[in-house]
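J.: This is the structure I have questions about; it appears just below.
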Amino acid sequence: MTRLTSILLFVGVCFANIHLPAFGQANILSDTSNASYALSLFFKANAQQSRLNNGREYIPHEAYISGHPFFLNQEWTPGNIVYDGSSFQDVKMLYDLEKDEVIILNFLLPNKLSLVRQKIEEFEIHGHHFIYLKTDNLNAESSGGFYDRLYQQKISVFAKRVKKIRVTNNTTLSASFEPEDEYFLMKEGVLYPVKSQKSVLNVLKDKKPEIVQYLRKNNVVFRLDPQKAIILMASYYDTLSD
């Protein structure tokens, strides 16, 4: 089956309920002018959506790696995305944490498309809001890519969702995807990596005594839930700075 035939068959399925001039399937597939007309109608109706289909074929990971590399689950999930200057809603997507790539279902072959990272301004999936931060906007300890924005006021809290491939047996090629989330504070436009309560307090040092007292009063234990503790510390800092 040729690529043109595949596209036309797909168009026929997608536009089954749209009134088009009556062409028999055999005529469409055999008549070049009818084929061109059908394609022109299809692409005209999907002009904006076609801007989203701009990337490269997604290459899956090796089958021997257990688990999956995606954010939260491996099911296609509807989300919103700002891509190449345009907003798109209810786009079925996956977010590969190992490759730091956003994957969408493509209406042409191949059916899994990896979007151009630098063209993604932000996207939402599973109730999480990710934004793209460029390398030149970060400090030497941070890398460019997608960051999950957890809190935003004067101080912002971000998580870098990561999955790494952990080899468990070299002789049998046994490996698995392991999550390793990293957390960051943004203060006055600078992104600081934070791995402990001490590192958070170093960034928020001008309110350190008040924050320590607040944590003790509310029985906040950093090691039990680092993400929650960092958000609480940042939000309390903002109330002290008002």
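A note on labels: chains of the structure tokens are A, B, ... as shown, every chain counts residues from 1, and ligands are counted from 1 in their shown order.
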Identify, on the basis of only C-alpha atoms, every residue whose closest approach to region 117-128 of chain A does not exceed 12 Å; exclude the query and any residue fewer than 6 positions from it along the same chain; express the result as a PyMOL selection string.

T.: chain A and resi 51-56+70-96+99-104+134-135+144-151+158-161

J.: Excluding Met233 (chain A) and any residue of its chain fewer than 6 positions from it, enumerate the residues within 9 Å of it, using only C-alpha atoms, and give them as a list in words.

T.: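 These residues fall inside the cut-off: Val200, Leu201, Leu204, Ile211, Val212, Tyr214 and Leu215 of chain A.
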
J.: Using C-alpha atoms, can you write the selected residues to a file as a PDB file, in the first residue's frame?

T.:
ATOM      1  CA  VAL A 200      16.038  25.494  50.895  1.00  0.00           C
ATOM      2  CA  LEU A 201      16.841  27.625  53.947  1.00  0.00           C
ATOM      3  CA  LEU A 204      15.452  31.751  51.820  1.00  0.00           C
ATOM      4  CA  ILE A 211      10.620  29.457  58.558  1.00  0.00           C
ATOM      5  CA  VAL A 212      12.335  27.064  60.990  1.00  0.00           C
ATOM      6  CA  TYR A 214       6.978  27.543  61.279  1.00  0.00           C
ATOM      7  CA  LEU A 215       8.181  24.031  60.372  1.00  0.00           C
TER       8      LEU A 215
END

J.: With only C-alpha atoms as the atoms that count, which of A:Val221, A:Ile59, A:Ala234, A:Ile131 lies nearest to Ser156 (chain A)?

T.: A:Ala234

J.: Could you state the separation of CA of Ser196 (chain A) and CA of Arg223 (chain A) in Å, given to one decimal place?

T.: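 CA of Arg223 (chain A) lies at a distance of 7.8 Å from CA of Ser196 (chain A).
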
J.: Considering only C-alpha atoms, can you say which of A:Ile231, A:Tyr237, A:Phe184, A:Lys154 comes closest to Lys205 (chain A)?

T.: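 Once distances to Lys205 (chain A) are computed over only C-alpha atoms, the minimum belongs to A:Tyr237.
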